[in-house]
Amino acid sequence: MITPTLPPVTYLNHKYGVMSWLLTKDHKRIGILYMVVVTIAFMLGGVFAAGVRLELTTPQGDVWSADTYNKLFTMHGIAMVFFVLIPAVPAILGNFILPLMIGAKDVAFPKINLISWYVFVIGFIFTVGAMVFGGVDTGWTFYVPYSSSASNTNVLMTGIGVFITGFSSILTGVNFMVTIHRMRAPGLTWFRLPLLVWALYATSFVQVLGTPVVAITLFMVVLERGLGFGIFNPALGGDPVLFQHLFWFYSHPAVYIMILPPMGVISEVIACFSRKSVFGYSFVAFSSVAIALFGFMVWAHHLFVAGISPYSAMVFSLLSYAVAIPSAVKTFNWAATMHRGAIWWKTPMFFVFGFMGLFLVGGLTGLFLAALGLDVHLHDTYFVVAHFHYIMVGGAIMGYFAGLHYYWPKMTGRMYSDILGKLSALLIFVGFNLTFFPQFILGYLGMPRRYHVYPDEWQVFNVLSSAGASVLAVGYVLPVFYLMYSLFKGEVAGANPWGATGLEWTTQSPPLPENFPGQPIVEEEAYDYHKREIKVA
Amino acid sequence: MLSGIPLFPVQASTVAPDVDRLYFLIIAVTSFFAIATVIAVAIFAIKYRDDSGEKVGAQIHGSIPLELAWSVIPFIISMGIFVYATVVFFEIVRPPAETMEIYSTGKRWMWRFQHVDGKSEINELHVPKGRPVRVTFTSEDVLHSLYFPAFRVKADAIPGRYSSVWFEATETGEFHLFCAEYCGTKHSGMIGKVVVMEPSAYQAWLSGSDGQPLAVRGQQLFQQLACVTCHLDDNTGRGPSLAGLFGTTVELEGGAKATADDSYIRESILTPQMKIVDGYQRLMPTFQGQVNEEGVMGLIEFIKSKAATARPRPAAAQPTAAPARP
């Protein structure tokens, strides 16, 4: 057996120096640039979360002042939602892998791609600036009239930061849409596309159609706060509930921006490590499109107790159940993919196992909240907090980690420790459940979210949750070490260390600056594992 | 370890057992799917494990009958949950015909409750057991949400409009009352307790009242704000008569109709130009800023009392001070 060696010319070494990175138009380098910023945001958001969990170990408000606590959970939410969950898979993995998957040299608009990173960074700097110069305490949802008239924190600066960041998301969405339409390799028809590409395509639509709405909405808050407009102020004939409609018209679909791309990653990884084509390819592909579409029609389920008519609540409850079906279809197809496969127990697959467990709980608890009679009790309690963390962290971040561990050898040309990778997946799974499962119980007991102080009888569950958070933290920090270590000492991976199908695995790792030596041509369906002779180096 | 630590909140209202039944039903259904899927994944992962990485799986691309089965069956089940949950929801949001009225305002960071007999309290609410109670409330500043976990009800308090929750307590005792919508610094301090009492004890508690009945205060405001000069009971004034108005359907300018409920009256006092009764002119000034939320609640209670005493119209009756509660 020949030990692979690192290729002589790669996108990483053909140019050196800071400027070669900051002015790069290479989608792969831009993906890495995103990874740097998102990782910083993830650590920042993690530190804020630690602050929240530390406070909640005791019922009294004895670690932070109430105002500091309110800023901590607000900044945790803002950092995680806008600077981690939304960009993690599309902007990091999507940027890196999408052109490789479709056999293209780059995205359709490489300069715009770089601009969208700069826009992202400017938005991030504004937001971090707002955090450094006193913070913000409105909750990540910026509900009026609190955000427009009552809060005396840096709402303007944060709003502007998030507003700017939105453009990055829109530009990336447009870029991906055009790339997928126009730049597929010869022979790569729509129904030969890897499912991650389908997921990114559906996500791009949501980004392009939804993000302008939240941008305008936050801009209106800025106008309201800065210039005294009365759009949301009842004393001036405005309506605070209008804000909630506008906000959730984006922010509910944003959930699908966060979860669809990781779902795509899961399809890739599960096919590769089951050595099998994805069960029901077209159902999985169309379920992405269906989720993106239905996702726009369920926003008012965030308003069941906000004074909307009971009949419109009925309609939104019905539609919310409808959007659950395509997610269920995906889950069943993934499980079926493993049937009669040849399951290779490697790190990325461990993250998939974790994803399956956590996403199931997250998705199924959505059925509790869509149930009108139950939501009246559960709304704005810890049940909701637990539910969306199961989706966002258990689903989206687990999917991101699966993708990161799957594509890491492609990105860097080197392998990481498989044992430590599995250990990390296990720690995250256990820590996550310990952190968030007790919160379902707390929620049904009636503990409202965003509480700095809480009744004594709930301490046990809060202590369990905080203990779980520390296990979770270890699980998240561990990869930083073994992945960094792998950069220098990791085994050389070779072009296709997983024996995977797909164009991205036919080129060297790390890829050439122009991705492929020539124009690749596609002559087979996606995930044609059964046709191959797999040799794992 | 968990002895003495509750996993479920106490059931203290008529709807609470229905909500809990719904909860347990959904737990049963979702647990079945979750456990079945996890077991399938675990069995496949172990049974088909191959750590050489060099074997390939079977050539299976999918199955239309299976896809249909696992789309249609979950859909039917979720529609069943939807219908059941919606029935429970209407039970929660639709109060019975006869309810005891309590008014409330939320502001940072306290809840003030106003009983129609005049008694008011802050962050505490006394209610009788076995009698439907409806709390009508609004916010004086930002959003709040009035939440009674033991009764399984909540609704947001929204500045500029009325919300309401109703419940019929089934257990005496003290239960939590929370603000569930984030409202700033002392959000988690905007809490209190609801005290459910035997009806006789409640009556005794009420009779310790020091304040005037709400309708009387409303009547005084009605005089002070000079409402009385236009809204004459015999319908000869420049504004429509308010006697017997509450709960009726009002014909508006342009042919629209409105129900004269709390929200309608509140709107007509604060932004009178929004809805004009057919046949009347746009004369009424706004009372925004001249009367606070509690004053508006007093006026509403007064107008309601006219409904009870002054029907049928035209009534010669002077507005009486009788609170006229059932």
# chains A, B, ... in the order shown; residues from 1 in each chain; ligands from 1

$ select_by_dssp --residues "segment 65-121 of chain B" --states "alpha helix (DSSP H)" --output "list of chain:residue names"
B:Pro65, B:Leu66, B:Glu67, B:Leu68, B:Ala69, B:Trp70, B:Ser71, B:Val72, B:Ile73, B:Pro74, B:Phe75, B:Ile76, B:Ile77, B:Ser78, B:Met79, B:Gly80, B:Ile81, B:Phe82, B:Val83, B:Tyr84, B:Ala85, B:Thr86, B:Val87, B:Val88, B:Phe89, B:Phe90, B:Glu91, B:Ile92, B:Val93

$ residues_around --residues "Thr211 of chain A" --least-positions-apart "5" --cutoff "7 Å" --atoms "only C-alpha atoms" --output "PyMOL selection string"
chain A and resi 166+170+250

$ atom_distance --atom1 "atom CA of Gly357 of chain A" --atom2 "atom CA of Asn333 of chain A"
14.5 Å

$ residues_around --residues "Lys186 of chain B" --least-positions-apart "6" --cutoff "8 Å" --atoms "only C-alpha atoms" --output "list in words"
Ala66 of chain A; Arg108 and Trp109 of chain B

$ write_last_selection --atoms "C-alpha atoms" --output "short mmCIF file (atom, residue, chain, number, x, y, z; two decimals), in the first residue's frame"
data_model
loop_
_atom_site.label_atom_id
_atom_site.label_comp_id
_atom_site.auth_asym_id
_atom_site.auth_seq_id
_atom_site.Cartn_x
_atom_site.Cartn_y
_atom_site.Cartn_z
CA ALA A 66 -30.35 41.20 36.67
CA ARG B 108 -42.68 47.13 34.83
CA TRP B 109 -42.50 45.24 37.14
#

$ residues_around --residues "segment 43-50 of chain A" --least-positions-apart "5" --cutoff "9 Å" --atoms "only C-alpha atoms" --output "list in words"
Val38, Glu55, Lys71, Leu72, Phe73, Thr74, Met75, His76, Gly77, Ile78, Ala79, Met80, Val84, Ser466, Ala469, Ser470 and Ala473 of chain A

$ residues_around --residues "His387 of chain A" --least-positions-apart "2" --cutoff "12 Å" --atoms "only C-alpha atoms" --output "number ranges by chain"
A: 358-370, 378-385, 389-395, 433, 435-441, 443-444

$ write_last_selection --atoms "N, CA and C atoms" --output "CSV table (one decimal), in the first residue's frame"
chain,number,residue,atom,x,y,z
A,358,LEU,N,-30.8,13.6,18.6
A,358,LEU,CA,-31.2,14.9,19.1
A,358,LEU,C,-32.3,15.5,18.2
A,359,PHE,N,-32.1,15.4,16.9
A,359,PHE,CA,-33.0,16.0,16.0
A,359,PHE,C,-34.4,15.4,16.2
A,360,LEU,N,-34.5,14.1,16.4
A,360,LEU,CA,-35.8,13.4,16.7
A,360,LEU,C,-36.5,14.1,17.8
A,361,VAL,N,-35.8,14.3,18.9
A,361,VAL,CA,-36.4,14.9,20.1
A,361,VAL,C,-36.8,16.3,19.8
A,362,GLY,N,-35.9,17.0,19.1
A,362,GLY,CA,-36.2,18.4,18.8
A,362,GLY,C,-37.4,18.5,17.9
A,363,GLY,N,-37.5,17.7,16.9
A,363,GLY,CA,-38.6,17.7,15.9
A,363,GLY,C,-39.9,17.3,16.6
A,364,LEU,N,-39.8,16.2,17.3
A,364,LEU,CA,-41.1,15.7,17.9
A,364,LEU,C,-41.6,16.6,19.0
A,365,THR,N,-40.7,17.3,19.7
A,365,THR,CA,-41.3,18.3,20.7
A,365,THR,C,-41.9,19.5,20.0
A,366,GLY,N,-41.6,19.7,18.7
A,366,GLY,CA,-42.3,20.7,18.0
A,366,GLY,C,-43.8,20.4,17.9
A,367,LEU,N,-44.1,19.1,17.9
A,367,LEU,CA,-45.6,18.7,17.9
A,367,LEU,C,-46.3,19.2,19.1
A,368,PHE,N,-45.6,19.3,20.2
A,368,PHE,CA,-46.2,19.8,21.5
A,368,PHE,C,-46.5,21.2,21.3
A,369,LEU,N,-45.6,22.0,20.7
A,369,LEU,CA,-45.8,23.4,20.7
A,369,LEU,C,-46.7,23.8,19.6
A,370,ALA,N,-46.9,23.0,18.6
A,370,ALA,CA,-47.8,23.3,17.5
A,370,ALA,C,-49.2,23.0,18.0
A,378,LEU,N,-47.3,26.1,27.4
A,378,LEU,CA,-45.8,26.0,27.2
A,378,LEU,C,-45.2,27.2,26.6
A,379,HIS,N,-45.9,28.1,26.0
A,379,HIS,CA,-45.4,29.2,25.3
A,379,HIS,C,-44.5,30.1,26.3
A,380,ASP,N,-43.3,30.5,25.8
A,380,ASP,CA,-42.4,31.3,26.6
A,380,ASP,C,-41.9,30.6,27.8
A,381,THR,N,-41.9,29.3,27.9
A,381,THR,CA,-41.3,28.6,29.0
A,381,THR,C,-40.1,27.9,28.6
A,382,TYR,N,-39.4,27.2,29.5
A,382,TYR,CA,-38.2,26.5,29.2
A,382,TYR,C,-38.5,25.4,28.2
A,383,PHE,N,-39.7,24.9,28.1
A,383,PHE,CA,-40.0,23.9,27.1
A,383,PHE,C,-39.6,24.4,25.7
A,384,VAL,N,-39.9,25.6,25.5
A,384,VAL,CA,-39.5,26.2,24.2
A,384,VAL,C,-38.0,26.3,24.0
A,385,VAL,N,-37.4,26.7,25.1
A,385,VAL,CA,-35.9,26.8,25.1
A,385,VAL,C,-35.3,25.5,24.8
A,389,HIS,N,-33.3,24.4,21.3
A,389,HIS,CA,-31.9,24.0,21.4
A,389,HIS,C,-31.7,22.6,20.8
A,390,TYR,N,-32.6,21.7,21.0
A,390,TYR,CA,-32.5,20.4,20.4
A,390,TYR,C,-32.4,20.5,18.9
A,391,ILE,N,-33.2,21.4,18.3
A,391,ILE,CA,-33.1,21.6,16.8
A,391,ILE,C,-31.8,22.3,16.4
A,392,MET,N,-31.5,23.4,17.1
A,392,MET,CA,-30.4,24.2,16.6
A,392,MET,C,-29.1,23.6,17.0
A,393,VAL,N,-29.0,23.3,18.3
A,393,VAL,CA,-27.7,22.8,18.7
A,393,VAL,C,-27.6,21.3,18.4
A,394,GLY,N,-28.6,20.6,18.9
A,394,GLY,CA,-28.6,19.1,18.6
A,394,GLY,C,-28.7,18.8,17.2
A,395,GLY,N,-29.5,19.5,16.4
A,395,GLY,CA,-29.6,19.3,15.0
A,395,GLY,C,-28.5,20.0,14.2
A,433,ASN,N,-27.9,16.2,26.2
A,433,ASN,CA,-29.1,15.7,26.8
A,433,ASN,C,-29.2,16.1,28.3
A,435,THR,N,-28.0,18.7,29.6
A,435,THR,CA,-28.3,20.1,29.7
A,435,THR,C,-29.7,20.4,29.4
A,436,PHE,N,-30.2,19.9,28.3
A,436,PHE,CA,-31.5,20.4,27.8
A,436,PHE,C,-32.7,19.5,28.1
A,437,PHE,N,-32.5,18.2,28.4
A,437,PHE,CA,-33.7,17.4,28.7
A,437,PHE,C,-34.4,17.9,30.0
A,438,PRO,N,-33.7,18.3,31.1
A,438,PRO,CA,-34.4,18.8,32.3
A,438,PRO,C,-35.2,20.0,32.0
A,439,GLN,N,-34.8,20.8,30.9
A,439,GLN,CA,-35.5,22.0,30.6
A,439,GLN,C,-36.9,21.7,30.1
A,440,PHE,N,-37.1,20.6,29.5
A,440,PHE,CA,-38.5,20.2,29.1
A,440,PHE,C,-39.4,20.1,30.4
A,441,ILE,N,-38.8,19.5,31.4
A,441,ILE,CA,-39.6,19.3,32.6
A,441,ILE,C,-39.8,20.6,33.3
A,443,GLY,N,-40.0,23.4,31.8
A,443,GLY,CA,-41.0,24.2,31.1
A,443,GLY,C,-42.4,23.7,31.4
A,444,TYR,N,-42.6,22.4,31.5
A,444,TYR,CA,-44.0,22.0,31.8
A,444,TYR,C,-44.4,22.4,33.2

$ residues_around --residues "segment 189-202 of chain B" --least-positions-apart "3" --cutoff "7 Å" --atoms "only C-alpha atoms" --output "list in words"
Trp109, Met110, Asn123, Glu124, Leu125, His126, Val127, Pro128, Lys129, Ala169, Glu171, Thr172, Gly173, Glu174, Phe175, His176, Leu177, Phe178, Cys179, Lys186, Trp205 and Leu206 of chain B

$ closest_residue --among "B:Arg152, B:Lys107, B:His115, B:Arg134" --to "Asp375 of chain A" --atoms "only C-alpha atoms"
B:Arg152

$ closest_residue --among "A:Val474, A:Val284, A:Val352, A:Val278" --to "Lys330 of chain A" --atoms "only C-alpha atoms"
A:Val284
